[in-house]
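**Student:** Submitted below is the structure of interest, expressed as structure tokens.
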Amino acid sequence: MATQNLIPALPTSVRSAPYPKASPGYGKRAVPDQCPPAADDFAFLPERERYIAAYVDRLPDGAAMSIKSLAKSQPLYGQMAVGSALRALSVAGHLRQVRCAVGDGESIRWVTRTFWSRTARDHEWWTAFLAAEEGRCAPQPALAPAGPPPWVPDEPAAPEAMEAPVAVLPEQRAGESQGPSPAYLALARLGRTDARLALSAADCAALEQLAARWFARGADADYLTRALTAGLPEAVDSPVGFVRRRLLDKLPPDLPAAQDPPARRLMVECADCGALGKAEVFRDGLCGPCLRSARGLAPEEDSGAGCDVQDHVRRLREQLKAR
């Protein structure tokens, strides 16, 4: 007998209301290689899960997938029912919620993404897909510009480049010489910050190497100026001696080089308890304890063999009928 009303139609008020978008980086993400939409896509699911699955399937990529947003945008089920339905859909192989690190350096942040599949997938498919997705999230090293192959001969110089060079005047050569170092400039400006530390050109040249050690350890001109001018006595008899003493006594520590950040991973969320872990240790969206609890097994009875999607759905349907 043909099954009717496999996917309930959404109320007009719900279809016309704009659905909230998730923050950038969050929200729904449809997986590739899905079957085209059909009337019996979720026919094997119970009514509540069938309704929520059909609703989520219609949402565009980037839509908010929080329980609160889904419950607020449709009138039939509240937050607890939506949460239970999402857990059941994860067990049935339609979705996985993961946390992924995005950004670089100090701006790195963790975002929650919900991967959605209209076609029910098994544990092996999801593990392979999330492993590939993890590779796409990992930072890629910058590639050096490729040079010409070694067998390509160098191009001959243009005739203009082979002409005799133009003579350079001494005044031009002096203007092209390198200017004073940042350490020298910072010392030269001390007198403008506080007249008690006014240094001559010879003083700046004599102290330049000591100040350069500060810059080599990560200090800048503002930091060096504040350190040398803080808490000055009322009178400084010898500015060059006073500055030399402070350059030695207040030298910043030599910090070790920053270590490379650890490789970024996709952390899968357990559909039941929300625990995080690697994709390969989850089965059908559940961590080990929740999977054993769903099967009604004690820890020592768990053989590690997974059930297929139909078996999970059958158990879920029996639990729902018992309620």
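Each chain in the structure tokens gets a letter, A, B, ..., in the order shown, and its residues are numbered from 1; ligands are numbered from 1 in order too.
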Compile the contact shell of Arg213 (chain A) as a ChimeraX atom specification: residues with an atom at most 10 Å away, counting only C-alpha atoms, same-chain residues fewer than 2 positions apart removed.
**Tutor:** /A:183,208-211,215-219,247-248,251-252,254
**Student:** Generate the output file for the selected residues, N, CA, C and O atoms, as a compact mmCIF listing (two decimals), in the first residue's frame.
**Tutor:**
```
# COMPACT_ATOMS: atom_id res chain seq x y z
N ALA A 183 67.48 51.82 16.61
CA ALA A 183 68.06 52.00 17.94
C ALA A 183 68.69 53.39 18.08
O ALA A 183 68.52 54.07 19.10
N GLU A 208 74.45 52.74 20.67
CA GLU A 208 73.57 52.15 19.66
C GLU A 208 73.50 50.63 19.76
O GLU A 208 72.43 50.03 19.66
N GLN A 209 74.64 49.98 19.98
CA GLN A 209 74.65 48.52 20.03
C GLN A 209 73.87 47.99 21.24
O GLN A 209 73.20 46.96 21.16
N LEU A 210 73.96 48.70 22.38
CA LEU A 210 73.20 48.27 23.55
C LEU A 210 71.69 48.39 23.30
O LEU A 210 70.91 47.52 23.67
N ALA A 211 71.28 49.51 22.67
CA ALA A 211 69.86 49.68 22.38
C ALA A 211 69.39 48.69 21.32
O ALA A 211 68.23 48.24 21.34
N PHE A 215 65.87 45.91 20.69
CA PHE A 215 65.05 45.68 19.49
C PHE A 215 65.14 44.23 19.05
O PHE A 215 64.16 43.67 18.55
N ALA A 216 66.30 43.61 19.23
CA ALA A 216 66.44 42.21 18.86
C ALA A 216 65.59 41.30 19.74
O ALA A 216 65.26 40.18 19.34
N ARG A 217 65.23 41.76 20.93
CA ARG A 217 64.40 40.97 21.85
C ARG A 217 62.93 41.36 21.82
O ARG A 217 62.18 41.06 22.74
N GLY A 218 62.52 42.06 20.80
CA GLY A 218 61.11 42.34 20.59
C GLY A 218 60.63 43.70 21.04
O GLY A 218 59.45 44.02 20.86
N ALA A 219 61.49 44.52 21.64
CA ALA A 219 61.08 45.86 22.09
C ALA A 219 61.00 46.80 20.88
O ALA A 219 61.65 46.59 19.86
N LEU A 247 70.16 50.77 30.12
CA LEU A 247 70.12 49.83 29.00
C LEU A 247 70.61 48.44 29.42
O LEU A 247 70.11 47.43 28.93
N LEU A 248 71.56 48.40 30.35
CA LEU A 248 72.07 47.13 30.83
C LEU A 248 71.17 46.51 31.89
O LEU A 248 70.89 45.31 31.86
N LEU A 251 67.41 45.45 30.48
CA LEU A 251 67.34 44.71 29.23
C LEU A 251 66.23 43.67 29.30
O LEU A 251 66.17 42.86 30.23
N PRO A 252 65.28 43.64 28.33
CA PRO A 252 64.18 42.67 28.37
C PRO A 252 64.70 41.24 28.27
O PRO A 252 65.79 40.99 27.74
N ASP A 254 65.14 37.44 26.92
CA ASP A 254 65.20 36.85 25.58
C ASP A 254 64.18 35.72 25.52
O ASP A 254 64.44 34.62 26.02
```
**Student:** Got a sec: who's within 12 Å of Phe129 (chain A), counting only C-alpha atoms, leaving out chain neighbours fewer than 5 positions off, as a list in words?
**Tutor:**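 What passes the distance filter is Ala30, Val31, Pro32, Asp33, Leu95, Arg96, Phe115, Trp116, Ser117, Arg121, Asp122, His123, Glu124, Glu134, Gly135, Arg136, Leu266, Ala279 and Glu280 of chain A.
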